[in-house]
file query.tsv (TSV, C-alpha atoms and all ligand atoms)
chain	number	residue	atom	x	y	z
E	5	MET	CA	-2.60	-3.43	15.01
E	6	ASP	CA	-4.37	-0.23	13.83
E	7	ARG	CA	-7.89	-0.08	12.37
E	8	SER	CA	-6.66	-1.03	8.90
E	9	GLY	CA	-5.84	-4.49	10.21
E	10	VAL	CA	-2.34	-4.12	8.82
E	11	PRO	CA	0.41	-5.33	11.13
E	12	PRO	CA	2.38	-2.36	12.43
E	13	ALA	CA	5.76	-1.70	10.84
E	14	ARG	CA	8.86	-0.85	12.89
E	15	PRO	CA	8.11	2.10	15.23
E	16	GLU	CA	10.36	4.40	13.17
E	17	VAL	CA	8.43	3.51	10.01
E	18	GLU	CA	5.04	4.03	11.70
E	19	GLY	CA	6.15	7.63	12.32
E	20	LEU	CA	7.19	8.24	8.69
E	21	GLN	CA	5.28	9.49	5.67
E	22	ALA	CA	6.21	8.14	2.24
E	23	TYR	CA	8.68	10.54	0.60
E	24	SER	CA	6.48	12.19	-1.97
E	25	ALA	CA	7.51	14.56	-4.71
E	26	PRO	CA	5.16	16.03	-7.36
E	27	LEU	CA	6.39	13.69	-10.09
E	28	GLU	CA	3.26	13.02	-12.14
E	29	GLY	CA	2.09	14.70	-15.36
E	30	ARG	CA	5.43	16.35	-16.14
E	31	ARG	CA	5.98	15.05	-19.65
E	32	GLY	CA	5.37	17.64	-22.37
E	33	LEU	CA	5.97	20.54	-19.96
E	34	LEU	CA	9.14	22.59	-19.49
E	35	ARG	CA	10.54	20.83	-16.41
E	36	LEU	CA	12.45	23.31	-14.27
E	37	ASP	CA	11.38	21.63	-11.02
E	38	PHE	CA	13.79	18.71	-10.35
E	39	ASN	CA	17.16	20.00	-11.65
E	40	GLU	CA	17.32	17.18	-14.20
E	41	ASN	CA	19.07	17.59	-17.53
E	42	THR	CA	16.34	19.33	-19.57
E	43	VAL	CA	17.13	18.01	-23.06
E	44	GLY	CA	17.86	14.28	-22.78
E	45	PRO	CA	20.95	12.14	-23.25
E	46	SER	CA	23.59	11.92	-25.95
E	47	PRO	CA	22.35	10.22	-29.17
E	48	LYS	CA	25.02	7.59	-28.44
E	49	VAL	CA	23.11	6.61	-25.30
E	50	VAL	CA	19.90	6.21	-27.29
E	51	GLU	CA	21.72	4.09	-29.88
E	52	ALA	CA	23.26	1.88	-27.20
E	53	ILE	CA	19.89	1.21	-25.59
E	54	ARG	CA	18.24	0.48	-28.95
E	55	ALA	CA	21.03	-2.00	-29.73
E	56	ILE	CA	20.19	-4.22	-26.72
E	57	PRO	CA	18.79	-7.46	-28.22
E	58	ALA	CA	15.38	-8.37	-26.82
E	59	ASP	CA	16.60	-11.75	-25.56
E	60	HIS	CA	19.00	-9.89	-23.26
E	61	TYR	CA	15.99	-8.54	-21.33
E	62	ALA	CA	15.65	-12.09	-20.01
E	63	ILE	CA	19.09	-12.07	-18.41
E	64	TYR	CA	19.97	-10.57	-15.04
E	65	PRO	CA	22.16	-7.50	-15.44
E	66	GLU	CA	25.94	-7.73	-15.80
E	67	TYR	CA	28.19	-5.05	-14.38
E	68	ASP	CA	31.51	-6.03	-16.04
E	69	GLY	CA	33.38	-2.99	-17.28
E	70	LEU	CA	31.05	-0.42	-15.69
E	71	ARG	CA	33.35	0.47	-12.81
E	72	GLU	CA	36.32	0.77	-15.17
E	73	ASP	CA	34.27	3.19	-17.31
E	74	VAL	CA	33.44	5.27	-14.23
E	75	ILE	CA	37.14	5.43	-13.38
E	76	ALA	CA	38.04	6.44	-16.95
E	77	ALA	CA	35.53	9.31	-16.71
E	78	LEU	CA	36.70	10.43	-13.25
E	79	VAL	CA	40.46	10.35	-13.71
E	80	PRO	CA	41.97	13.20	-15.77
E	81	PRO	CA	43.90	11.87	-18.80
E	82	GLY	CA	47.59	11.41	-18.11
E	83	THR	CA	47.19	10.90	-14.35
E	84	PRO	CA	49.87	8.36	-13.31
E	85	ALA	CA	48.44	4.95	-12.33
E	86	GLY	CA	44.89	6.30	-12.70
E	87	GLY	CA	45.32	8.18	-9.43
E	88	GLY	CA	45.21	4.83	-7.66
E	89	LEU	CA	41.47	4.43	-8.29
E	90	THR	CA	40.40	0.79	-8.74
E	91	PRO	CA	37.00	-0.86	-9.34
E	92	SER	CA	36.77	-1.70	-5.63
E	93	HIS	CA	36.56	2.06	-4.89
E	94	ILE	CA	33.35	2.37	-6.95
E	95	GLY	CA	29.92	1.41	-5.61
E	96	VAL	CA	27.02	1.21	-8.09
E	97	PHE	CA	23.50	2.05	-6.92
E	98	ASN	CA	20.00	2.52	-8.28
E	99	GLY	CA	20.48	6.29	-8.35
E	100	VAL	CA	22.28	8.30	-5.70
E	101	ASP	CA	19.04	8.21	-3.72
E	102	ALA	CA	19.61	4.47	-3.29
E	103	ALA	CA	23.24	5.10	-2.32
E	104	ILE	CA	22.08	7.56	0.36
E	105	HIS	CA	19.54	5.04	1.62
E	106	ALA	CA	22.21	2.33	1.73
E	107	VAL	CA	24.59	4.58	3.70
E	108	PHE	CA	21.94	5.14	6.36
E	109	GLN	CA	21.00	1.47	6.47
E	110	ALA	CA	24.61	0.40	6.80
E	111	TYR	CA	25.73	3.08	9.26
E	112	GLY	CA	22.76	4.67	11.03
E	113	ALA	CA	21.61	2.94	14.21
E	114	ALA	CA	18.76	4.14	16.45
E	115	GLY	CA	19.97	7.02	18.62
E	116	ASP	CA	22.93	7.87	16.35
E	117	ARG	CA	23.21	11.45	15.17
E	118	LEU	CA	23.09	12.82	11.60
E	119	LEU	CA	24.82	16.18	11.21
E	120	THR	CA	23.95	18.27	8.15
E	121	THR	CA	22.95	21.78	7.10
E	122	SER	CA	19.52	23.32	6.64
E	123	PRO	CA	17.88	23.71	4.22
E	124	THR	CA	19.36	20.87	2.20
E	125	PHE	CA	18.37	17.97	-0.05
E	126	GLY	CA	15.10	16.52	1.25
E	127	TYR	CA	15.97	12.82	1.28
E	128	TYR	CA	18.61	12.83	4.03
E	129	ALA	CA	16.15	13.49	6.86
E	130	PRO	CA	13.66	10.68	6.05
E	131	CYS	CA	16.56	8.22	5.71
E	132	ALA	CA	17.77	9.27	9.16
E	133	ARG	CA	14.26	9.00	10.63
E	134	MET	CA	13.69	5.50	9.26
E	135	GLN	CA	16.78	4.40	11.19
E	136	GLY	CA	15.61	6.18	14.37
E	137	MET	CA	18.51	8.63	14.20
E	138	ALA	CA	18.57	12.12	15.73
E	139	ILE	CA	19.02	14.97	13.22
E	140	GLU	CA	21.16	18.03	13.85
E	141	ALA	CA	20.68	20.39	10.88
E	142	LEU	CA	22.64	23.63	11.20
E	143	PRO	CA	21.38	26.72	9.34
E	144	HIS	CA	23.44	28.37	6.63
E	145	ARG	CA	24.98	31.73	7.51
E	146	MET	CA	22.88	34.69	6.46
E	147	PRO	CA	22.98	36.78	4.42
E	148	GLY	CA	24.08	34.72	1.44
E	149	PHE	CA	23.57	31.14	2.70
E	150	ALA	CA	27.28	30.66	3.45
E	151	PHE	CA	28.39	27.26	4.70
E	152	PRO	CA	28.44	27.21	8.54
E	153	LEU	CA	31.98	25.83	8.71
E	154	ALA	CA	32.88	26.78	12.30
E	155	GLU	CA	29.52	25.49	13.58
E	156	ILE	CA	29.89	22.16	11.73
E	157	ARG	CA	33.44	21.78	13.01
E	158	ALA	CA	32.25	22.40	16.58
E	159	ALA	CA	29.35	19.95	16.18
E	160	LEU	CA	31.78	17.23	15.04
E	161	ALA	CA	33.62	17.36	18.37
E	162	PRO	CA	32.71	14.71	20.97
E	163	ASP	CA	29.76	15.68	23.23
E	164	ALA	CA	29.75	15.36	27.05
E	165	SER	CA	29.35	11.58	26.79
E	166	GLY	CA	32.15	11.31	24.19
E	167	ALA	CA	29.72	10.62	21.32
E	168	VAL	CA	30.31	12.12	17.86
E	169	PRO	CA	27.88	12.37	14.91
E	170	ARG	CA	27.64	9.02	13.14
E	171	LEU	CA	27.16	10.71	9.76
E	172	LEU	CA	27.94	14.11	8.30
E	173	LEU	CA	26.03	14.78	5.07
E	174	LEU	CA	27.49	17.60	2.97
E	175	CYS	CA	25.63	18.53	-0.18
E	176	ASN	CA	28.22	20.39	-2.30
E	177	PRO	CA	27.04	22.54	-3.95
E	178	ASN	CA	24.00	22.49	-1.73
E	179	ASN	CA	20.56	21.85	-3.16
E	180	PRO	CA	18.63	24.24	-2.94
E	181	THR	CA	20.82	27.16	-1.78
E	182	GLY	CA	23.78	26.53	-4.12
E	183	THR	CA	26.14	26.92	-1.15
E	184	ARG	CA	29.69	25.93	-2.13
E	185	LEU	CA	32.36	24.44	0.06
E	186	PRO	CA	35.96	24.26	-1.23
E	187	ALA	CA	37.29	20.71	-1.58
E	188	ALA	CA	40.06	21.51	0.92
E	189	ASP	CA	37.45	22.27	3.60
E	190	VAL	CA	35.61	19.00	2.95
E	191	LEU	CA	38.87	17.06	3.25
E	192	ALA	CA	39.83	18.96	6.42
E	193	LEU	CA	36.44	18.22	8.00
E	194	ALA	CA	36.82	14.52	7.21
E	195	ALA	CA	40.34	14.49	8.63
E	196	THR	CA	39.24	16.12	11.91
E	197	ALA	CA	36.39	13.63	12.41
E	198	PRO	CA	37.80	10.12	11.88
E	199	ARG	CA	34.94	8.48	13.85
E	200	THR	CA	32.27	10.14	11.67
E	201	LEU	CA	31.39	8.93	8.16
E	202	VAL	CA	31.53	12.05	5.99
E	203	VAL	CA	29.38	11.77	2.87
E	204	VAL	CA	29.83	14.48	0.26
E	205	ASP	CA	26.94	14.55	-2.18
E	206	GLU	CA	28.49	15.96	-5.36
E	207	LEU	CA	25.41	15.66	-7.58
E	208	TYR	CA	25.92	19.16	-8.97
E	209	GLU	CA	29.72	19.39	-8.92
E	210	ALA	CA	29.89	19.52	-12.74
E	211	PHE	CA	28.44	23.05	-12.52
E	212	THR	CA	31.08	24.29	-10.03
E	213	GLY	CA	34.12	22.00	-10.19
E	214	ASP	CA	34.31	21.87	-6.37
E	215	SER	CA	34.99	18.14	-6.11
E	216	VAL	CA	37.24	16.38	-3.62
E	217	LEU	CA	38.26	13.80	-6.24
E	218	PRO	CA	40.84	15.84	-8.23
E	219	PRO	CA	43.00	16.66	-5.16
E	220	LEU	CA	42.70	13.09	-3.83
E	221	LEU	CA	43.68	11.61	-7.21
E	222	ALA	CA	46.51	14.10	-7.73
E	223	ASP	CA	47.96	13.33	-4.27
E	224	ALA	CA	47.71	9.59	-4.84
E	225	ALA	CA	49.28	9.93	-8.29
E	226	ALA	CA	52.21	11.89	-6.82
E	227	ALA	CA	52.77	9.71	-3.75
E	228	GLY	CA	51.54	6.37	-5.14
E	229	GLY	CA	48.94	4.31	-3.37
E	230	ASP	CA	45.27	4.59	-2.48
E	231	PRO	CA	43.50	7.94	-2.98
E	232	PHE	CA	41.40	7.28	0.14
E	233	ALA	CA	44.27	6.05	2.35
E	234	ARG	CA	44.20	9.28	4.40
E	235	HIS	CA	40.41	9.64	4.19
E	236	PRO	CA	38.91	6.20	4.90
E	237	ASN	CA	35.83	7.92	6.39
E	238	LEU	CA	34.95	9.89	3.23
E	239	LEU	CA	32.36	8.80	0.64
E	240	VAL	CA	31.72	10.79	-2.55
E	241	LEU	CA	28.39	10.54	-4.39
E	242	ARG	CA	28.07	11.11	-8.16
E	243	SER	CA	25.15	10.64	-10.54
E	244	LEU	CA	24.30	10.90	-14.23
E	245	SER	CA	20.85	12.39	-13.57
E	246	LYS	CA	21.66	16.08	-13.67
E	247	THR	CA	24.10	16.29	-16.57
E	248	ALA	CA	23.93	13.14	-18.73
E	249	GLY	CA	20.13	13.06	-19.07
E	250	ILE	CA	19.36	9.56	-17.77
E	251	ALA	CA	17.55	10.36	-14.50
E	252	GLY	CA	14.69	8.06	-15.50
E	253	LEU	CA	16.98	5.06	-15.82
E	254	ARG	CA	18.35	5.38	-12.27
E	255	ILE	CA	22.04	4.90	-11.72
E	256	GLY	CA	24.45	6.56	-9.30
E	257	PHE	CA	27.89	5.96	-7.83
E	258	ALA	CA	29.53	6.07	-4.42
E	259	ILE	CA	33.30	6.46	-4.42
E	260	GLY	CA	35.45	5.81	-1.37
E	261	ALA	CA	37.82	3.42	0.38
E	262	ALA	CA	37.23	-0.15	-0.82
E	263	ALA	CA	36.30	-1.32	2.70
E	264	LEU	CA	33.73	1.49	3.01
E	265	VAL	CA	32.17	0.87	-0.42
E	266	ASP	CA	32.01	-2.83	0.49
E	267	ARG	CA	30.08	-2.09	3.70
E	268	VAL	CA	27.60	0.28	2.04
E	269	SER	CA	27.06	-2.24	-0.79
E	270	ARG	CA	26.24	-5.06	1.65
E	271	VAL	CA	22.71	-3.70	2.21
E	272	THR	CA	21.64	-3.68	-1.45
E	273	GLY	CA	20.21	-6.50	-3.54
E	274	PRO	CA	22.39	-8.29	-6.10
E	275	TYR	CA	20.61	-6.81	-9.17
E	276	ASP	CA	19.28	-3.49	-7.94
E	277	VAL	CA	20.67	-1.65	-10.98
E	278	ASN	CA	19.01	-2.77	-14.21
E	279	SER	CA	20.59	-3.60	-17.58
E	280	PHE	CA	19.24	-0.52	-19.38
E	281	ALA	CA	20.79	1.77	-16.77
E	282	VAL	CA	24.15	0.00	-17.09
E	283	THR	CA	24.18	0.23	-20.90
E	284	ALA	CA	23.07	3.87	-20.84
E	285	ALA	CA	25.62	4.81	-18.18
E	286	ARG	CA	28.51	3.23	-20.08
E	287	ALA	CA	27.52	5.08	-23.27
E	288	ALA	CA	27.02	8.35	-21.36
E	289	LEU	CA	30.36	8.07	-19.58
E	290	ALA	CA	32.08	7.45	-22.92
E	291	ASP	CA	30.63	10.67	-24.35
E	292	GLN	CA	32.04	13.23	-21.93
E	293	ALA	CA	32.02	15.84	-24.73
E	294	TYR	CA	28.21	15.75	-24.72
E	295	ILE	CA	28.06	16.27	-20.96
E	296	ASP	CA	30.62	19.10	-21.10
E	297	ALA	CA	28.68	20.84	-23.88
E	298	TYR	CA	25.42	20.59	-21.90
E	299	VAL	CA	27.04	21.99	-18.75
E	300	ALA	CA	28.53	24.89	-20.75
E	301	GLU	CA	25.10	25.63	-22.23
E	302	VAL	CA	23.47	25.68	-18.78
E	303	LEU	CA	26.14	28.04	-17.46
E	304	ARG	CA	25.57	30.38	-20.42
E	305	ALA	CA	21.82	30.24	-19.81
E	306	ARG	CA	22.39	31.02	-16.13
E	307	ASP	CA	24.41	34.15	-16.95
E	308	TRP	CA	21.72	35.31	-19.37
E	309	LEU	CA	18.90	34.79	-16.87
E	310	VAL	CA	20.78	36.37	-13.97
E	311	THR	CA	21.40	39.49	-16.09
E	312	ARG	CA	17.66	39.72	-16.80
E	313	LEU	CA	16.81	39.24	-13.10
E	314	ARG	CA	19.25	41.98	-12.07
E	315	GLU	CA	17.99	44.42	-14.69
E	316	ALA	CA	14.40	43.78	-13.64
E	317	GLY	CA	15.19	44.02	-9.91
E	318	VAL	CA	13.88	40.52	-9.13
E	319	GLU	CA	15.11	39.29	-5.75
E	320	HIS	CA	17.14	36.15	-6.36
E	321	HIS	CA	20.01	34.00	-5.10
E	322	VAL	CA	22.37	32.17	-7.39
E	323	ALA	CA	25.50	30.20	-6.47
E	324	GLY	CA	26.47	26.60	-7.41
E	325	GLY	CA	24.32	24.07	-9.25
E	326	ASN	CA	21.95	24.12	-12.21
E	327	TYR	CA	19.28	26.04	-10.27
E	328	LEU	CA	18.61	29.37	-8.60
E	329	LEU	CA	16.16	30.82	-6.11
E	330	LEU	CA	13.69	33.62	-6.88
E	331	TRP	CA	11.41	35.54	-4.55
E	332	PRO	CA	8.28	36.55	-6.48
E	333	ARG	CA	6.41	39.70	-5.50
E	334	ARG	CA	3.09	37.85	-5.63
E	335	PRO	CA	2.25	34.81	-3.44
E	336	VAL	CA	4.55	31.99	-4.43
E	337	VAL	CA	1.85	29.33	-4.82
E	338	GLU	CA	-0.05	31.54	-7.29
E	339	VAL	CA	3.08	32.18	-9.34
E	340	GLU	CA	3.93	28.46	-9.33
E	341	ARG	CA	0.38	27.60	-10.45
E	342	GLU	CA	0.29	30.21	-13.22
E	343	LEU	CA	3.66	29.10	-14.53
E	344	ARG	CA	2.30	25.54	-14.65
E	345	GLU	CA	-0.70	26.81	-16.62
E	346	ALA	CA	1.83	28.33	-19.04
E	347	GLY	CA	3.48	24.88	-19.37
E	348	ILE	CA	6.45	25.55	-17.06
E	349	LEU	CA	7.17	23.62	-13.86
E	350	VAL	CA	9.19	25.17	-11.03
E	351	ARG	CA	9.41	24.18	-7.36
E	352	SER	CA	7.96	26.20	-4.48
E	353	MET	CA	10.22	26.21	-1.43
E	354	ALA	CA	7.25	27.04	0.85
E	355	GLY	CA	7.82	25.89	4.41
E	356	LYS	CA	11.59	25.42	4.07
E	357	PRO	CA	13.71	27.27	6.62
E	358	GLN	CA	15.51	30.40	5.32
E	359	ILE	CA	13.91	30.17	1.85
E	360	ASP	CA	10.16	30.07	2.59
E	361	GLY	CA	8.42	32.13	-0.11
E	362	SER	CA	10.95	31.41	-2.84
E	363	LEU	CA	10.81	29.37	-6.01
E	364	ARG	CA	13.62	27.09	-7.08
E	365	VAL	CA	14.07	27.29	-10.84
E	366	SER	CA	16.23	24.70	-12.61
E	367	LEU	CA	18.47	26.02	-15.35
E	368	GLY	CA	18.27	24.53	-18.83
E	369	THR	CA	19.29	25.79	-22.26
E	370	PRO	CA	19.29	29.50	-23.22
E	371	GLU	CA	16.09	29.00	-25.27
E	372	GLN	CA	14.36	27.37	-22.29
E	373	MET	CA	15.42	30.23	-20.02
E	374	GLU	CA	14.07	32.74	-22.54
E	375	ARG	CA	10.75	30.94	-22.47
E	376	PHE	CA	10.75	30.88	-18.67
E	377	TRP	CA	11.64	34.57	-18.43
E	378	ALA	CA	8.92	35.65	-20.88
E	379	ALA	CA	6.29	33.77	-18.85
E	380	TYR	CA	7.64	34.89	-15.48
E	381	ARG	CA	7.63	38.57	-16.47
E	382	GLN	CA	4.01	38.32	-17.52
E	383	ILE	CA	2.99	36.58	-14.29
E	384	ASP	CA	5.04	38.54	-11.75
E	385	GLY	CA	6.14	41.54	-13.79
A	1	LIG	C1	21.54	16.70	-3.75
A	1	LIG	C2	20.94	15.53	-4.42
A	1	LIG	N1	21.38	14.29	-4.12
A	1	LIG	C3	20.85	13.21	-4.71
A	1	LIG	C4	19.83	13.31	-5.63
A	1	LIG	C5	19.29	12.08	-6.25
A	1	LIG	O1	19.95	11.80	-7.44
A	1	LIG	P1	19.71	10.47	-8.29
A	1	LIG	O2	18.84	10.86	-9.44
A	1	LIG	O3	21.05	9.99	-8.71
A	1	LIG	O4	19.03	9.49	-7.36
A	1	LIG	C6	19.33	14.58	-5.98
A	1	LIG	C7	18.24	14.71	-6.94
A	1	LIG	O5	17.50	15.65	-6.95
A	1	LIG	C8	19.91	15.71	-5.35
A	1	LIG	O6	19.47	16.95	-5.63
call {"tool": "encode", "arguments": {"input": "query.tsv", "output": "structure tokens", "more": "lines below"}}
Ligand SMILES: Cc1ncc(COP(=O)(O)O)c(C=O)c1O
result
Amino acid sequence: MDRSGVPPARPEVEGLQAYSAPLEGRRGLLRLDFNENTVGPSPKVVEAIRAIPADHYAIYPEYDGLREDVIAALVPPGTPAGGGLTPSHIGVFNGVDAAIHAVFQAYGAAGDRLLTTSPTFGYYAPCARMQGMAIEALPHRMPGFAFPLAEIRAALAPDASGAVPRLLLLCNPNNPTGTRLPAADVLALAATAPRTLVVVDELYEAFTGDSVLPPLLADAAAAGGDPFARHPNLLVLRSLSKTAGIAGLRIGFAIGAAALVDRVSRVTGPYDVNSFAVTAARAALADQAYIDAYVAEVLRARDWLVTRLREAGVEHHVAGGNYLLLWPRRPVVEVERELREAGILVRSMAGKPQIDGSLRVSLGTPEQMERFWAAYRQIDG
């Protein structure tokens, strides 16, 4: 027992710090710091939530129809037999963060190895540490933050004792470097490492189109059968936080072989996803046109901003995702603070390998990017 008198937690937890992100006081500001949708959901989502009768708040959530709606949104129209995707291929979680946590709880034992790249999304490492796993994070190839494909392939091979990584976490496109990996490479990595669970975090795939699902569904539609039959060790993560504008409601999906989704779902509670999230997700999934229009707007805004950055000679890196990296001339913490004073939130990447000294700026609408650019030029011009 330490001086607080509190009984010690598991040794792995004693060594952890709570995952903290600067999430307070963001309302009313231009939020370019968490890569969320910057405008909110479809009006149909708002209507659907408002239509929930108050007495339904008293009832535990029901998930009927949700998985079918996810499938309808994932499978291109006209695909024979829905590409073989069934509700048992779809896991539902309280945000993709909860899906990631569940993967580690279900699969990561003390001493197992997590293989990933660096820098990458900040929640993988704490999940590995809370399980007592070792972390092997391979740097991106410089210049340009290219995916270290040969290095990852080599690290997937058995070590001297015959052990292989328990988990490979691929963030595609990678947050925060935007690094893209073609779907064929993801599938090839999974096929060469059948003893490793390969998780591909496709949170930002809408902005690149580099998803493994279209080729898997097309193959299954052509040959008949299960889209994950040849990739039982592959799990795909998708969320509605970055495009559909419901990050605050918390819902995310894990898509993979039914037996894999079953295992990952065993470590969650029966009602971890609440009724508002389910209703909002079903309405959001039914309004794909709204999501497509938002993505198109973000891509237009990205082109506009990148042209301004080039003309002004601002050092930057842009690849996949609804974000880019900028290297201010002045100290990054001062620029971040002054942008906040101007009502604009961005994220300093201070301390992160390869991108120390940069700012990650989420991309929103063209008007929002114009506002950002006007303030940035004043502060770091
Ligand atoms: C790469 C990546 N994965 C997962 C998440 C979490 O998404 P969700 O809101 O679905 O929990 C984020 C959010 O920032 C992310 O960037």
call {"tool": "residues_around", "arguments": {"input": "query.tsv", "residues": "Ala52 of chain E", "least_positions_apart": "6", "cutoff": "10 Å", "atoms": "only C-alpha atoms", "output": "PyMOL selection string"}}
result
chain E and resi 280+283-288
call {"tool": "residues_near_ligand", "arguments": {"input": "query.tsv", "ligand": "ligand LIG 1 (chain A)", "cutoff": "9 Å", "atoms": "all atoms listed in the file", "output": "number ranges by chain"}}
result
E: 38-40, 97-104, 124-128, 175-180, 205-208, 241-246, 250-257
call {"tool": "closest_residue", "arguments": {"input": "query.tsv", "among": "E:Leu303, E:Val365, E:Ala346, E:Ala258", "to": "Ser92 of chain E", "atoms": "all atoms listed in the file"}}
result
E:Ala258
call {"tool": "closest_residue", "arguments": {"input": "query.tsv", "among": "E:Val168, E:Ser366, E:Val339, E:Ile383", "to": "Val302 of chain E", "atoms": "only C-alpha atoms"}}
result
E:Ser366
call {"tool": "closest_atom_pairs", "arguments": {"input": "query.tsv", "of": "segment 72-150 of chain E", "to": "segment 310-325 of chain E", "cutoff": "12 Å", "atoms": "only C-alpha atoms", "output": "tab-separated table"}}
result
residue	atom	partner	partner_atom	distance
E:Met146	CA	E:His321	CA	11.9
E:Pro147	CA	E:His321	CA	10.4
E:Gly148	CA	E:His321	CA	7.7
E:Phe149	CA	E:His321	CA	9.0
E:Ala150	CA	E:Ala323	CA	10.1
call {"tool": "atom_distance", "arguments": {"input": "query.tsv", "atom1": "atom CA of Leu239 of chain E", "atom2": "atom CA of Pro357 of chain E"}}
result
26.9 Å
call {"tool": "atom_distance", "arguments": {"input": "query.tsv", "atom1": "atom CA of Ala290 of chain E", "atom2": "atom CA of Ala55 of chain E"}}
result
16.1 Å
call {"tool": "residues_around", "arguments": {"input": "query.tsv", "residues": "segment 209-220 of chain E", "least_positions_apart": "3", "cutoff": "8 Å", "atoms": "only C-alpha atoms", "output": "list in words"}}
result
Leu78, Val79, Gly87, Asn176, Pro177, Arg184, Leu185, Pro186, Ala187, Ala188, Val190, Leu191, Glu206, Asp223, Ala224, Pro231, Phe232, Val240, Thr247, Val299, Leu303, Gly324, Gly325 and Asn326 of chain E
call {"tool": "closest_residue", "arguments": {"input": "query.tsv", "among": "E:Arg364, E:Leu171, E:Ile94, E:Ala158", "to": "Thr120 of chain E", "atoms": "all atoms listed in the file"}}
result
E:Leu171
call {"tool": "atom_distance", "arguments": {"input": "query.tsv", "atom1": "atom CA of Ala113 of chain E", "atom2": "atom CA of Gln135 of chain E"}}
result
5.9 Å
call {"tool": "residues_around", "arguments": {"input": "query.tsv", "residues": "Arg270 of chain E", "least_positions_apart": "6", "cutoff": "12 Å", "atoms": "all atoms listed in the file", "output": "list in words"}}
result
Gly95, Val96, Phe97, Ala103, Ala106, Val107, Gln109, Ala110, Tyr111, Ala263, Leu264 and Asp276 of chain E
call {"tool": "closest_residue", "arguments": {"input": "query.tsv", "among": "E:Gly166, E:Val337, E:Ala195, E:Gly112", "to": "Arg234 of chain E", "atoms": "only C-alpha atoms"}}
result
E:Ala195
call {"tool": "closest_residue", "arguments": {"input": "query.tsv", "among": "E:Ala262, E:Arg117, E:Ala378, E:Arg31", "to": "Asp163 of chain E", "atoms": "all atoms listed in the file"}}
result
E:Arg117
call {"tool": "residues_around", "arguments": {"input": "query.tsv", "residues": "Ser362 of chain E", "least_positions_apart": "3", "cutoff": "12 Å", "atoms": "only C-alpha atoms", "output": "JSON, numbers by chain"}}
result
{"E": [180, 181, 318, 319, 320, 321, 328, 329, 330, 331, 332, 333, 334, 335, 336, 337, 338, 339, 340, 350, 351, 352, 353, 354, 355, 356, 357, 358, 359, 365]}
call {"tool": "residues_around", "arguments": {"input": "query.tsv", "residues": "Leu89 of chain E", "least_positions_apart": "3", "cutoff": "7 Å", "atoms": "only C-alpha atoms", "output": "PyMOL selection string"}}
result
chain E and resi 75+86+93+230-231
call {"tool": "decode", "arguments": {"input": "query.tsv", "residues": "segment 167-179 of chain E", "atoms": "N, CA and C atoms", "output": "CSV table (one decimal), in the first residue's frame"}}
result
chain,number,residue,atom,x,y,z
E,167,ALA,N,9.1,-17.0,-31.3
E,167,ALA,CA,7.9,-16.1,-31.0
E,167,ALA,C,7.7,-15.1,-32.1
E,168,VAL,N,6.4,-14.7,-32.3
E,168,VAL,CA,6.1,-13.7,-33.3
E,168,VAL,C,5.3,-12.6,-32.5
E,169,PRO,N,5.2,-11.4,-33.1
E,169,PRO,CA,4.4,-10.4,-32.4
E,169,PRO,C,3.0,-10.9,-32.2
E,170,ARG,N,2.4,-10.6,-31.1
E,170,ARG,CA,1.0,-11.0,-30.8
E,170,ARG,C,0.0,-10.2,-31.6
E,171,LEU,N,0.4,-8.9,-31.7
E,171,LEU,CA,-0.5,-7.9,-32.4
E,171,LEU,C,0.3,-7.0,-33.3
E,172,LEU,N,-0.2,-6.8,-34.5
E,172,LEU,CA,0.3,-5.7,-35.4
E,172,LEU,C,-0.7,-4.7,-35.5
E,173,LEU,N,-0.5,-3.5,-35.1
E,173,LEU,CA,-1.4,-2.4,-35.2
E,173,LEU,C,-1.0,-1.5,-36.4
E,174,LEU,N,-1.8,-1.4,-37.4
E,174,LEU,CA,-1.6,-0.5,-38.6
E,174,LEU,C,-2.6,0.5,-38.6
E,175,CYS,N,-2.2,1.8,-38.5
E,175,CYS,CA,-3.1,2.9,-38.6
E,175,CYS,C,-3.0,3.4,-40.1
E,176,ASN,N,-4.1,3.3,-40.8
E,176,ASN,CA,-4.0,3.5,-42.3
E,176,ASN,C,-5.2,4.3,-42.8
E,177,PRO,N,-5.0,5.6,-43.2
E,177,PRO,CA,-3.8,6.3,-43.1
E,177,PRO,C,-3.4,6.6,-41.7
E,178,ASN,N,-2.1,6.8,-41.5
E,178,ASN,CA,-1.6,6.9,-40.1
E,178,ASN,C,-1.9,8.3,-39.5
E,179,ASN,N,-2.4,8.3,-38.3
E,179,ASN,CA,-2.5,9.5,-37.5
E,179,ASN,C,-1.2,9.6,-36.6
